[in-house]
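Engineer: Got a structure for you, target.tsv, holding TSV, C-alpha atoms and all ligand atoms.
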chain	number	residue	atom	x	y	z
A	6	MET	CA	59.92	30.52	-69.63
A	7	SER	CA	58.25	28.01	-71.98
A	8	LYS	CA	58.99	28.66	-75.66
A	9	ASP	CA	55.44	28.13	-76.90
A	10	TYR	CA	52.18	29.15	-75.32
A	11	LEU	CA	50.68	26.14	-73.53
A	12	VAL	CA	47.17	26.10	-74.92
A	13	PHE	CA	44.45	24.99	-72.53
A	14	GLY	CA	42.66	21.91	-74.01
A	15	ALA	CA	44.74	21.70	-77.22
A	16	PRO	CA	43.39	19.22	-79.81
A	17	ASN	CA	45.66	16.26	-80.58
A	18	ILE	CA	45.67	15.90	-84.37
A	19	GLY	CA	48.13	13.53	-86.04
A	20	ASP	CA	48.88	12.34	-89.55
A	21	GLU	CA	46.11	9.70	-89.40
A	22	GLU	CA	43.48	12.39	-88.85
A	23	ILE	CA	44.91	14.53	-91.65
A	24	ASN	CA	45.04	11.55	-94.03
A	25	ALA	CA	41.47	10.54	-93.15
A	26	VAL	CA	40.14	14.04	-93.87
A	27	VAL	CA	42.10	14.26	-97.14
A	28	SER	CA	40.77	10.89	-98.19
A	29	THR	CA	37.19	12.03	-97.49
A	30	LEU	CA	37.79	15.23	-99.46
A	31	LYS	CA	39.11	13.15	-102.38
A	32	SER	CA	36.18	10.71	-102.16
A	33	GLY	CA	33.86	13.33	-103.60
A	34	TRP	CA	31.35	12.79	-100.75
A	35	ILE	CA	31.94	15.55	-98.20
A	36	GLY	CA	28.41	16.05	-96.84
A	37	THR	CA	26.46	13.68	-94.60
A	38	GLY	CA	27.13	10.17	-95.85
A	39	PRO	CA	28.76	6.81	-95.20
A	40	ARG	CA	31.42	8.08	-92.77
A	41	VAL	CA	28.77	9.67	-90.58
A	42	SER	CA	26.94	6.30	-90.41
A	43	GLU	CA	30.21	4.56	-89.57
A	44	PHE	CA	30.98	7.08	-86.84
A	45	GLU	CA	27.47	6.69	-85.40
A	46	ASN	CA	27.91	2.92	-85.23
A	47	SER	CA	31.41	3.03	-83.76
A	48	PHE	CA	30.49	5.64	-81.15
A	49	LYS	CA	27.32	3.78	-80.19
A	50	ASP	CA	29.36	0.60	-79.70
A	51	TYR	CA	31.98	2.49	-77.66
A	52	VAL	CA	29.47	3.85	-75.14
A	53	GLY	CA	27.25	0.76	-75.27
A	54	GLY	CA	24.15	2.61	-76.50
A	55	LYS	CA	21.37	1.38	-78.80
A	56	TYR	CA	20.79	4.17	-81.34
A	57	ALA	CA	23.08	7.03	-82.38
A	58	VAL	CA	22.38	10.25	-84.27
A	59	ALA	CA	25.38	12.37	-85.27
A	60	VAL	CA	24.77	16.13	-85.26
A	61	SER	CA	26.66	19.40	-85.64
A	62	SER	CA	27.32	20.02	-81.91
A	63	CYS	CA	26.30	19.06	-78.40
A	64	THR	CA	24.27	22.28	-78.35
A	65	SER	CA	22.18	21.08	-81.30
A	66	ALA	CA	22.00	17.61	-79.68
A	67	LEU	CA	20.52	19.12	-76.50
A	68	HIS	CA	18.14	21.36	-78.46
A	69	LEU	CA	16.81	18.48	-80.59
A	70	SER	CA	16.47	16.28	-77.50
A	71	MET	CA	14.27	18.89	-75.83
A	72	ILE	CA	12.03	18.95	-78.91
A	73	ALA	CA	12.04	15.17	-79.22
A	74	ILE	CA	10.69	14.72	-75.66
A	75	GLY	CA	7.86	17.09	-76.59
A	76	LEU	CA	8.85	20.06	-74.42
A	77	LYS	CA	6.14	22.72	-74.48
A	78	SER	CA	5.93	26.34	-73.39
A	79	GLY	CA	5.67	26.45	-69.61
A	80	ASP	CA	7.43	23.11	-69.10
A	81	GLU	CA	10.32	23.23	-66.65
A	82	VAL	CA	13.64	21.46	-66.98
A	83	ILE	CA	16.08	21.19	-64.06
A	84	VAL	CA	19.67	22.09	-65.00
A	85	PRO	CA	22.71	22.68	-62.81
A	86	ALA	CA	23.80	26.30	-62.35
A	87	MET	CA	27.40	25.13	-62.75
A	88	THR	CA	27.48	24.28	-66.46
A	89	PHE	CA	27.99	25.86	-69.87
A	90	ALA	CA	25.25	28.17	-71.16
A	91	ALA	CA	24.31	25.69	-73.91
A	92	THR	CA	22.66	23.37	-71.35
A	93	ALA	CA	20.12	26.05	-70.36
A	94	ASN	CA	19.85	27.68	-73.80
A	95	ALA	CA	18.68	24.37	-75.29
A	96	VAL	CA	15.70	24.40	-72.93
A	97	ILE	CA	14.85	28.01	-73.78
A	98	HIS	CA	15.17	27.49	-77.56
A	99	ALA	CA	12.69	24.61	-77.29
A	100	GLY	CA	10.21	26.89	-75.50
A	101	GLY	CA	10.78	25.58	-71.97
A	102	THR	CA	12.01	27.17	-68.75
A	103	PRO	CA	15.35	26.16	-67.25
A	104	ILE	CA	15.17	25.74	-63.48
A	105	PHE	CA	18.64	26.21	-62.08
A	106	ALA	CA	19.79	23.97	-59.23
A	107	ASP	CA	22.87	24.34	-57.06
A	108	VAL	CA	25.62	21.69	-57.23
A	109	HIS	CA	27.69	19.75	-54.69
A	110	ILE	CA	30.64	21.81	-53.49
A	111	ASP	CA	33.20	19.03	-54.17
A	112	SER	CA	31.88	16.94	-57.08
A	113	MET	CA	30.23	20.00	-58.72
A	114	VAL	CA	27.27	17.91	-59.94
A	115	LEU	CA	23.55	17.91	-59.07
A	116	THR	CA	22.50	16.59	-55.66
A	117	GLU	CA	19.32	14.74	-54.67
A	118	SER	CA	18.17	17.44	-52.23
A	119	GLU	CA	18.55	20.23	-54.80
A	120	ILE	CA	16.75	18.29	-57.54
A	121	ARG	CA	13.87	17.47	-55.18
A	122	ARG	CA	13.72	21.09	-53.99
A	123	LYS	CA	13.29	22.33	-57.57
A	124	ILE	CA	10.61	19.86	-58.73
A	125	THR	CA	7.15	21.34	-59.37
A	126	ASN	CA	4.09	20.06	-61.20
A	127	LYS	CA	5.52	21.72	-64.34
A	128	THR	CA	8.81	19.78	-64.27
A	129	LYS	CA	9.23	17.74	-67.44
A	130	ALA	CA	12.90	16.71	-67.44
A	131	ILE	CA	16.28	16.80	-65.72
A	132	ILE	CA	19.57	17.51	-67.51
A	133	PRO	CA	22.38	16.16	-65.35
A	134	VAL	CA	25.84	17.38	-66.38
A	135	HIS	CA	28.80	15.09	-65.64
A	136	PHE	CA	30.93	18.09	-64.76
A	137	ALA	CA	34.59	17.88	-65.88
A	138	GLY	CA	33.96	14.15	-66.38
A	139	TYR	CA	32.80	13.34	-62.82
A	140	PRO	CA	29.84	10.89	-62.91
A	141	CYS	CA	26.49	12.11	-61.59
A	142	ASP	CA	24.64	9.67	-59.35
A	143	LEU	CA	22.50	8.12	-62.08
A	144	ASP	CA	20.78	5.70	-59.66
A	145	MET	CA	19.46	8.70	-57.74
A	146	ILE	CA	18.54	10.65	-60.87
A	147	PHE	CA	16.64	7.80	-62.55
A	148	LYS	CA	14.87	7.00	-59.24
A	149	ILE	CA	13.60	10.60	-59.01
A	150	ALA	CA	12.75	10.58	-62.73
A	151	ASP	CA	10.66	7.40	-62.26
A	152	GLU	CA	8.97	8.80	-59.17
A	153	PHE	CA	7.84	12.00	-60.93
A	154	GLY	CA	7.58	10.74	-64.54
A	155	LEU	CA	10.44	12.92	-65.82
A	156	ALA	CA	12.68	12.53	-68.87
A	157	VAL	CA	16.44	12.34	-68.33
A	158	ILE	CA	18.65	13.99	-70.94
A	159	GLN	CA	22.28	13.64	-69.92
A	160	ASP	CA	24.68	16.40	-70.91
A	161	CYS	CA	27.73	14.25	-71.59
A	162	ALA	CA	29.82	17.03	-73.19
A	163	HIS	CA	32.63	16.24	-70.71
A	164	ALA	CA	31.81	12.58	-70.26
A	165	ILE	CA	32.60	10.35	-73.25
A	166	GLU	CA	34.61	7.94	-71.06
A	167	THR	CA	32.67	8.55	-67.83
A	168	GLU	CA	31.26	5.46	-66.13
A	169	PHE	CA	28.77	5.15	-63.29
A	170	LYS	CA	28.83	1.85	-61.37
A	171	GLY	CA	30.75	0.01	-64.09
A	172	LYS	CA	28.70	1.21	-67.08
A	173	LYS	CA	29.41	4.08	-69.46
A	174	VAL	CA	26.94	6.89	-68.76
A	175	GLY	CA	25.87	6.87	-72.43
A	176	SER	CA	24.53	3.33	-72.01
A	177	TYR	CA	21.91	4.44	-69.46
A	178	PRO	CA	18.28	4.88	-70.60
A	179	GLY	CA	16.85	8.12	-71.97
A	180	ILE	CA	18.92	10.46	-74.12
A	181	SER	CA	22.62	11.34	-73.83
A	182	CYS	CA	24.28	14.23	-75.68
A	183	PHE	CA	28.01	14.33	-76.47
A	184	SER	CA	30.35	17.02	-77.78
A	185	PHE	CA	33.30	16.81	-80.15
A	186	TYR	CA	34.19	20.50	-79.84
A	187	VAL	CA	37.90	21.34	-80.28
A	188	THR	CA	38.81	21.14	-76.57
A	189	LYS	CA	36.91	17.91	-75.88
A	190	ASN	CA	38.47	14.50	-75.16
A	191	ILE	CA	38.06	13.62	-78.83
A	192	THR	CA	37.20	16.16	-81.50
A	193	CYS	CA	35.65	16.50	-84.97
A	194	SER	CA	36.52	20.25	-84.87
A	195	GLU	CA	32.80	20.72	-84.20
A	196	GLY	CA	30.30	17.92	-83.75
A	197	GLY	CA	27.91	16.16	-81.44
A	198	MET	CA	26.25	12.78	-80.93
A	199	ILE	CA	22.92	11.76	-79.46
A	200	ILE	CA	22.61	8.28	-77.97
A	201	THR	CA	19.23	6.87	-77.04
A	202	ASP	CA	17.64	3.54	-76.18
A	203	SER	CA	14.42	4.50	-78.04
A	204	GLU	CA	14.08	3.75	-81.74
A	205	GLU	CA	11.15	6.16	-81.93
A	206	ILE	CA	13.18	9.03	-80.43
A	207	ALA	CA	16.16	8.21	-82.68
A	208	ASN	CA	13.97	8.35	-85.79
A	209	LYS	CA	12.44	11.67	-84.67
A	210	LEU	CA	15.92	13.10	-84.04
A	211	LYS	CA	17.20	12.04	-87.48
A	212	VAL	CA	14.32	13.79	-89.19
A	213	LEU	CA	14.56	16.92	-87.00
A	214	ALA	CA	18.33	17.19	-87.59
A	215	LEU	CA	17.94	17.53	-91.38
A	216	HIS	CA	15.21	20.06	-92.18
A	217	GLY	CA	12.46	17.65	-91.13
A	218	MET	CA	12.96	15.63	-94.31
A	219	SER	CA	11.82	12.01	-94.26
A	220	LYS	CA	14.43	9.61	-92.92
A	221	ASP	CA	17.57	8.83	-94.98
A	222	ALA	CA	17.04	11.90	-97.15
A	223	TRP	CA	20.81	12.17	-97.66
A	224	LYS	CA	20.57	9.08	-99.89
A	225	ARG	CA	18.81	11.18	-102.52
A	226	PHE	CA	22.18	12.26	-103.90
A	227	SER	CA	23.72	8.77	-103.89
A	228	ASP	CA	24.67	6.76	-106.97
A	229	SER	CA	21.39	4.86	-106.67
A	230	GLY	CA	19.72	7.84	-108.34
A	231	TYR	CA	17.56	10.74	-107.20
A	232	LYS	CA	14.94	9.98	-104.57
A	233	HIS	CA	12.00	12.21	-103.75
A	234	TYR	CA	11.67	13.25	-100.13
A	235	ASP	CA	8.87	14.61	-98.01
A	236	VAL	CA	9.25	17.31	-95.37
A	237	VAL	CA	7.24	15.94	-92.47
A	238	VAL	CA	8.09	18.50	-89.76
A	239	SER	CA	9.83	21.91	-89.63
A	240	GLY	CA	13.29	20.72	-88.73
A	241	PHE	CA	16.78	22.16	-88.40
A	242	LYS	CA	20.11	22.07	-90.25
A	243	TYR	CA	22.02	20.19	-87.56
A	244	ASN	CA	23.63	17.36	-89.54
A	245	MET	CA	27.26	16.24	-89.22
A	246	THR	CA	29.40	15.99	-92.38
A	247	ASP	CA	31.62	13.12	-93.56
A	248	ILE	CA	34.64	15.41	-93.15
A	249	GLN	CA	33.87	15.81	-89.44
A	250	ALA	CA	33.04	12.11	-89.05
A	251	SER	CA	36.29	10.97	-90.69
A	252	LEU	CA	38.18	13.03	-88.09
A	253	GLY	CA	36.00	11.61	-85.31
A	254	LEU	CA	36.53	8.00	-86.40
A	255	VAL	CA	40.31	8.29	-86.11
A	256	GLN	CA	40.05	10.13	-82.79
A	257	LEU	CA	37.69	7.47	-81.41
A	258	ASN	CA	40.30	4.80	-82.19
A	259	LYS	CA	42.74	6.73	-80.02
A	260	ILE	CA	40.37	7.41	-77.13
A	261	GLU	CA	42.06	5.06	-74.65
A	262	LEU	CA	45.54	6.27	-75.61
A	263	PHE	CA	44.40	9.90	-75.13
A	264	TYR	CA	42.82	9.00	-71.78
A	265	GLN	CA	46.04	7.41	-70.50
A	266	LYS	CA	48.03	10.47	-71.58
A	267	ARG	CA	45.65	12.82	-69.76
A	268	LYS	CA	45.81	10.53	-66.71
A	269	LEU	CA	49.57	11.08	-66.46
A	270	ILE	CA	49.00	14.86	-66.39
A	271	TRP	CA	46.03	14.58	-64.01
A	272	ASP	CA	47.93	12.36	-61.53
A	273	TYR	CA	50.98	14.61	-61.73
A	274	TYR	CA	48.91	17.70	-60.91
A	275	GLN	CA	47.13	15.92	-58.03
A	276	THR	CA	50.47	14.97	-56.42
A	277	GLU	CA	52.40	18.15	-57.08
A	278	LEU	CA	49.65	20.59	-56.11
A	279	ALA	CA	48.76	18.78	-52.87
A	280	SER	CA	51.03	21.05	-50.82
A	281	LEU	CA	49.58	24.29	-52.26
A	282	PRO	CA	46.59	26.22	-50.88
A	283	VAL	CA	44.40	25.23	-53.82
A	284	LYS	CA	41.59	22.70	-53.95
A	285	THR	CA	42.14	20.06	-56.65
A	286	PRO	CA	39.27	18.17	-58.36
A	287	MET	CA	37.47	15.44	-56.47
A	288	MET	CA	38.53	11.93	-57.45
A	289	VAL	CA	36.00	9.17	-58.16
A	290	GLU	CA	36.07	6.08	-55.97
A	291	ASP	CA	36.55	2.91	-58.06
A	292	GLN	CA	33.27	1.33	-56.95
A	293	LEU	CA	31.36	4.50	-57.94
A	294	GLY	CA	32.66	4.85	-61.46
A	295	LYS	CA	35.23	6.39	-63.74
A	296	HIS	CA	36.12	10.06	-64.23
A	297	ALA	CA	36.61	11.10	-67.87
A	298	LEU	CA	39.44	13.48	-66.82
A	299	HIS	CA	38.16	16.17	-69.18
A	300	LEU	CA	39.02	19.23	-67.08
A	301	PHE	CA	41.34	19.87	-64.15
A	302	PRO	CA	39.54	22.70	-62.30
A	303	ILE	CA	41.27	24.02	-59.18
A	304	LEU	CA	39.79	26.42	-56.64
A	305	ILE	CA	41.91	29.32	-55.44
A	306	GLU	CA	40.68	29.59	-51.88
A	307	SER	CA	41.57	33.20	-51.19
A	308	ASN	CA	40.85	32.96	-47.47
A	309	LYS	CA	44.07	30.93	-47.30
A	310	ASN	CA	46.24	33.50	-49.15
A	311	SER	CA	45.97	36.88	-50.79
A	312	LEU	CA	45.83	35.62	-54.36
A	313	THR	CA	42.56	35.84	-56.23
A	314	ARG	CA	41.63	33.54	-59.10
A	315	ASP	CA	42.05	36.31	-61.68
A	316	LYS	CA	45.53	37.16	-60.39
A	317	VAL	CA	46.52	33.50	-60.81
A	318	ILE	CA	45.10	33.43	-64.36
A	319	ASN	CA	47.04	36.57	-65.28
A	320	PHE	CA	50.26	35.30	-63.72
A	321	LEU	CA	50.00	32.00	-65.61
A	322	HIS	CA	49.20	33.82	-68.85
A	323	GLU	CA	52.35	35.93	-68.43
A	324	ARG	CA	54.26	32.65	-68.07
A	325	ASN	CA	52.77	31.38	-71.38
A	326	ILE	CA	50.25	29.09	-69.68
A	327	GLY	CA	46.65	29.16	-70.92
A	328	THR	CA	43.79	28.44	-68.53
A	329	GLY	CA	39.98	28.35	-68.68
A	330	VAL	CA	37.13	29.16	-66.29
A	331	HIS	CA	34.53	26.41	-65.99
A	332	TYR	CA	32.30	28.15	-65.30
A	333	THR	CA	30.88	31.46	-64.23
A	334	SER	CA	27.73	30.07	-62.63
A	335	LEU	CA	24.77	30.53	-64.99
A	336	HIS	CA	22.78	32.46	-62.36
A	337	LEU	CA	25.39	35.26	-62.67
A	338	HIS	CA	25.05	35.71	-66.44
A	339	SER	CA	22.86	38.69	-67.24
A	340	VAL	CA	20.46	36.88	-69.56
A	341	PHE	CA	19.48	34.21	-67.01
A	342	LYS	CA	19.79	36.48	-63.96
A	343	SER	CA	17.40	39.09	-65.32
A	344	LYS	CA	14.97	36.72	-67.06
A	345	TYR	CA	14.47	34.46	-64.05
A	346	ASN	CA	15.29	36.82	-61.11
A	347	LEU	CA	18.15	34.68	-59.88
A	348	GLU	CA	20.05	35.50	-56.68
A	349	SER	CA	23.36	34.12	-55.41
A	350	ILE	CA	21.80	33.21	-52.06
A	351	ASP	CA	19.98	30.39	-53.85
A	352	PHE	CA	23.23	28.99	-55.34
A	353	PRO	CA	25.86	29.17	-52.56
A	354	ASN	CA	28.04	26.33	-53.85
A	355	SER	CA	27.93	27.36	-57.51
A	356	LYS	CA	28.74	30.94	-56.49
A	357	TYR	CA	31.66	29.75	-54.33
A	358	ILE	CA	33.09	27.65	-57.17
A	359	SER	CA	32.39	30.32	-59.77
A	360	ASP	CA	34.40	32.95	-57.86
A	361	ARG	CA	37.44	30.72	-57.32
A	362	THR	CA	37.73	28.24	-60.17
A	363	LEU	CA	40.26	28.01	-62.97
A	364	SER	CA	41.07	25.04	-65.18
A	365	LEU	CA	44.71	24.14	-65.73
A	366	PRO	CA	45.87	22.97	-69.18
A	367	LEU	CA	44.88	19.34	-69.72
A	368	SER	CA	45.13	17.58	-73.06
A	369	SER	CA	46.51	14.36	-74.51
A	370	LYS	CA	48.89	16.55	-76.48
A	371	MET	CA	50.67	17.65	-73.29
A	372	THR	CA	53.70	15.97	-71.76
A	373	VAL	CA	54.48	15.54	-68.06
A	374	ASP	CA	57.19	18.15	-68.65
A	375	ASP	CA	54.45	20.62	-69.62
A	376	ALA	CA	52.55	19.73	-66.44
A	377	LYS	CA	55.76	20.21	-64.43
A	378	PHE	CA	56.13	23.66	-65.96
A	379	VAL	CA	52.59	24.53	-64.82
A	380	ALA	CA	53.09	23.11	-61.31
A	381	ASP	CA	56.50	24.80	-60.90
A	382	ASN	CA	55.01	28.16	-61.84
A	383	LEU	CA	52.15	27.71	-59.40
A	384	LYS	CA	54.61	26.75	-56.64
A	385	GLU	CA	56.69	29.83	-57.40
A	386	LEU	CA	53.60	32.03	-57.28
A	387	PHE	CA	52.33	30.68	-53.97
B	401	LIG	C1	28.65	21.09	-70.30
B	401	LIG	C2	28.56	21.47	-71.74
B	401	LIG	N1	27.39	21.30	-72.37
B	401	LIG	C3	27.25	21.61	-73.67
B	401	LIG	C4	28.29	22.10	-74.41
B	401	LIG	C5	28.09	22.46	-75.84
B	401	LIG	O1	28.92	21.69	-76.67
B	401	LIG	P1	29.16	22.09	-78.20
B	401	LIG	O2	30.26	23.11	-78.21
B	401	LIG	O3	29.57	20.81	-78.86
B	401	LIG	O4	27.89	22.62	-78.71
B	401	LIG	C6	29.54	22.30	-73.80
B	401	LIG	C7	30.65	22.84	-74.57
B	401	LIG	O5	31.68	23.24	-74.13
B	401	LIG	C8	29.68	21.97	-72.43
B	401	LIG	O6	30.84	22.14	-71.81
Would you mind writing the structure in this file as structure tokens?
Ligand SMILES: Cc1ncc(COP(=O)(O)O)c(C=O)c1O
Structural biologist:
Amino acid sequence: MSKDYLVFGAPNIGDEEINAVVSTLKSGWIGTGPRVSEFENSFKDYVGGKYAVAVSSCTSALHLSMIAIGLKSGDEVIVPAMTFAATANAVIHAGGTPIFADVHIDSMVLTESEIRRKITNKTKAIIPVHFAGYPCDLDMIFKIADEFGLAVIQDCAHAIETEFKGKKVGSYPGISCFSFYVTKNITCSEGGMIITDSEEIANKLKVLALHGMSKDAWKRFSDSGYKHYDVVVSGFKYNMTDIQASLGLVQLNKIELFYQKRKLIWDYYQTELASLPVKTPMMVEDQLGKHALHLFPILIESNKNSLTRDKVINFLHERNIGTGVHYTSLHLHSVFKSKYNLESIDFPNSKYISDRTLSLPLSSKMTVDDAKFVADNLKELF
């Protein structure tokens, strides 16, 4: 039995992060300020994007993006059924209608046939989700977007390091939304980033993220003296603080180190679980791109044994191993199911995954010994 509970997706916080936060606290500037600008610049350079707007979460990033593309009541936005609720909620909060599409059974991302099947004359945008860090086919998505005049807002919550055909997904056109939630590949405790290639959209987002106050309103409290501001639109309180950004800056410096540590765990799981009746995550071929290795979701295929997913979760919990479920397909959640009359027959792959999936612990804080403990327990169970 492991001494300590193995937390699923544990954040990896070291002395540098603690010192950076303390130094920000001591600086006297703890709201939105110079560290946020520095984090925006560093993150933008990392993903190879043009403009960056730091916000309070990926949820707020997605919400603001929907508003920034001018989503109106009645507009439809295609989202995968296999994602976190925030992807669809963002559409609803902006007044639009999420149109749920089934995903590929292996890669768990949107497919061309499903996107095409869901397009109507009300479709305004597509939100591809790079599920677990697996790259969506961006050539296909941008081709469809061009053909039908749709906006593409990428949900990159799992995909900071994800590449498609040699380029980071955040460097593609349109808008990309990132998360720095506690379990993500790098964290600010809470936080998000919007990357876009449009200066106009970036400026709109900046204003919307801080009450709708004219750009650079945070400077009004700087040592250059009070500056009047104008509220030009009814905006939101979605800004990131310098405390969060100082954490993010240190984490961003460690992103490759963290990736290599997760890769050791990921590769270990792939090898050790190969002999078990579970389906491990699909790998990405080198010429296609790079997986961000955010989650390690396995499918418990109960036709091959008598164990259900929930029994496996409970067994692992009793052995001090934390897991997650990514996700219960959105069409099964009562709010979406009842509002949009959704039926499982329309989402066979998402339903299949949803019934069988569980995510094993994966974090740069883990050691291969921790992964061995997980694999040994699974082998014992099966
Ligand atoms: C796919 C996906 N989209 C959006 C979000 C929302 O991110 P945040 O918690 O930063 O708002 C998450 C969070 O887990 C997510 O997994």
Engineer: Got a sec: who's within 9 Å of segment 50-55 of chain A, counting only C-alpha atoms, leaving out chain neighbours fewer than 6 positions off, as a PyMOL selection string?
Structural biologist: chain A and resi 165-166+172-178+200-204+257
Engineer: Quote the spacing between atom CA of Thr167 of chain A and atom CA of Met288 of chain A in Å to one decimal place.
Structural biologist: 12.4 Å
Engineer: Mind running chain A against ligand LIG 401 (chain B) at 10 Å and telling me each contacting residue's nearest atom pair with the distance in Å (one decimal), counting all atoms listed in the file, chain and number ascending, as a Markdown table?
Structural biologist:
| residue | atom | partner | partner_atom | distance |
| --- | --- | --- | --- | --- |
| A:Val60 | CA | B:LIG401 | O3 | 9.3 |
| A:Ser61 | CA | B:LIG401 | O3 | 7.5 |
| A:Ser62 | CA | B:LIG401 | O3 | 3.9 |
| A:Cys63 | CA | B:LIG401 | O3 | 3.7 |
| A:Thr64 | CA | B:LIG401 | O4 | 3.7 |
| A:Ser65 | CA | B:LIG401 | O4 | 6.5 |
| A:Ala66 | CA | B:LIG401 | O4 | 7.8 |
| A:Leu67 | CA | B:LIG401 | C3 | 7.7 |
| A:His68 | CA | B:LIG401 | O4 | 9.8 |
| A:Pro85 | CA | B:LIG401 | C1 | 9.7 |
| A:Met87 | CA | B:LIG401 | C1 | 8.7 |
| A:Thr88 | CA | B:LIG401 | C1 | 5.1 |
| A:Phe89 | CA | B:LIG401 | C2 | 4.8 |
| A:Ala90 | CA | B:LIG401 | N1 | 7.3 |
| A:Ala91 | CA | B:LIG401 | C3 | 5.0 |
| A:Thr92 | CA | B:LIG401 | N1 | 5.3 |
| A:Ala93 | CA | B:LIG401 | N1 | 8.9 |
| A:Asn94 | CA | B:LIG401 | C3 | 9.6 |
| A:Ala95 | CA | B:LIG401 | C3 | 9.1 |
| A:Ile132 | CA | B:LIG401 | N1 | 10.0 |
| A:Pro133 | CA | B:LIG401 | C1 | 9.4 |
| A:Val134 | CA | B:LIG401 | C1 | 6.1 |
| A:His135 | CA | B:LIG401 | C1 | 7.6 |
| A:Phe136 | CA | B:LIG401 | C1 | 6.7 |
| A:Ala137 | CA | B:LIG401 | C1 | 8.1 |
| A:Gly138 | CA | B:LIG401 | C1 | 9.6 |
| A:Gln159 | CA | B:LIG401 | N1 | 9.5 |
| A:Asp160 | CA | B:LIG401 | N1 | 5.8 |
| A:Cys161 | CA | B:LIG401 | C1 | 7.0 |
| A:Ala162 | CA | B:LIG401 | C2 | 4.8 |
| A:His163 | CA | B:LIG401 | O6 | 6.3 |
| A:Ala164 | CA | B:LIG401 | C1 | 9.1 |
| A:Cys182 | CA | B:LIG401 | C3 | 8.2 |
| A:Phe183 | CA | B:LIG401 | O3 | 7.1 |
| A:Ser184 | CA | B:LIG401 | O3 | 4.0 |
| A:Phe185 | CA | B:LIG401 | O3 | 5.6 |
| A:Tyr186 | CA | B:LIG401 | O3 | 4.7 |
| A:Val187 | CA | B:LIG401 | O2 | 8.1 |
| A:Thr188 | CA | B:LIG401 | O5 | 7.8 |
| A:Lys189 | CA | B:LIG401 | O5 | 7.7 |
| A:Thr192 | CA | B:LIG401 | O3 | 9.3 |
| A:Cys193 | CA | B:LIG401 | O3 | 9.6 |
| A:Ser194 | CA | B:LIG401 | O3 | 9.2 |
| A:Glu195 | CA | B:LIG401 | O3 | 6.2 |
| A:Gly196 | CA | B:LIG401 | O3 | 5.7 |
| A:Gly197 | CA | B:LIG401 | O3 | 5.6 |
| A:Met198 | CA | B:LIG401 | O3 | 8.9 |
| A:His299 | CA | B:LIG401 | O6 | 9.8 |
| A:Leu300 | CA | B:LIG401 | O6 | 9.9 |
| A:His331 | CA | B:LIG401 | O6 | 8.1 |
| A:Tyr332 | CA | B:LIG401 | O6 | 9.0 |
Engineer: One decimal, in Å: what's the spacing between atom CA of Ser251 of chain A and atom CA of Met71 of chain A?
Structural biologist: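 Between atom CA of Ser251 of chain A and atom CA of Met71 of chain A the gap works out to 27.7 Å.
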Engineer: Can you tell me, as a count of residues only, what residues are no more than 10 Å from segment 108-111 of chain A when counting all atoms listed in the file, ignoring any on the same chain fewer than 4 positions away?
Structural biologist: 24
Engineer: Could you please determine the separation between atom CA of Glu168 of chain A and atom CA of His296 of chain A in Å, to one decimal place?
Structural biologist: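 The value is 7.0 Å.
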Engineer: Would you mind listing what lies within 8 Å of segment 227-243 of chain A as a PyMOL selection string, with all atoms listed in the file counted and same-chain residues fewer than 3 positions away left out?
Structural biologist: chain A and resi 60-62+65+212-219+222-224
Engineer: Using C-alpha atoms, can you write the selected residues to a file as a short mmCIF file (atom, residue, chain, number, x, y, z; two decimals), in the frame of the given file?
Structural biologist:
data_model
loop_
_atom_site.label_atom_id
_atom_site.label_comp_id
_atom_site.auth_asym_id
_atom_site.auth_seq_id
_atom_site.Cartn_x
_atom_site.Cartn_y
_atom_site.Cartn_z
CA VAL A 60 24.77 16.13 -85.26
CA SER A 61 26.66 19.40 -85.64
CA SER A 62 27.32 20.02 -81.91
CA SER A 65 22.18 21.08 -81.30
CA VAL A 212 14.32 13.79 -89.19
CA LEU A 213 14.56 16.92 -87.00
CA ALA A 214 18.33 17.19 -87.59
CA LEU A 215 17.94 17.53 -91.38
CA HIS A 216 15.21 20.06 -92.18
CA GLY A 217 12.46 17.65 -91.13
CA MET A 218 12.96 15.63 -94.31
CA SER A 219 11.82 12.01 -94.26
CA ALA A 222 17.04 11.90 -97.15
CA TRP A 223 20.81 12.17 -97.66
CA LYS A 224 20.57 9.08 -99.89
#
Engineer: Out of A:Gln292, A:Asn17, A:Thr333, A:Asn319, which residue has the shortest atom-to-atom distance to Ser368 of chain A when counting only C-alpha atoms?
Structural biologist: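 When distances to Ser368 of chain A are compared using only C-alpha atoms, the smallest one comes from A:Asn17.
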Engineer: Here is a test: counting all atoms listed in the file, which residue of A:Lys316, A:Lys384, A:Lys129, A:His98 is nearest to Glu277 of chain A?
Structural biologist: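 Of A:Lys316, A:Lys384, A:Lys129, A:His98, the one nearest Glu277 of chain A, counting all atoms listed in the file, is A:Lys384.
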Engineer: Give the answer as one residue: which of A:Ile305, A:Val41, A:Val255, A:Leu262 has the shortest atom-to-atom distance to Leu278 of chain A, using all atoms listed in the file?
Structural biologist: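 Closest candidate: A:Ile305.
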Engineer: With all atoms listed in the file as the basis for distance, which of A:Ile326, A:Ile97, A:Leu298, A:Ala250 is at the shortest distance from Gln265 of chain A?
Structural biologist: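 Ranked by minimum distance to Gln265 of chain A, first place goes to A:Leu298.
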Engineer: Choose the residue, out of A:Lys268, A:Arg324, A:Arg40, A:Lys377, that has the smallest atom-to-atom separation from Ala297 of chain A; count only C-alpha atoms.
Structural biologist: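 Comparing A:Lys268, A:Arg324, A:Arg40, A:Lys377 against Ala297 of chain A, the winner is A:Lys268.
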Engineer: Which of these, A:Ser28, A:Ile260, A:Arg121, A:Ala59, has the shortest distance to Asn244 of chain A once you count all atoms listed in the file?
Structural biologist: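 Answer, going by the shortest atom-to-atom distance: A:Ala59.
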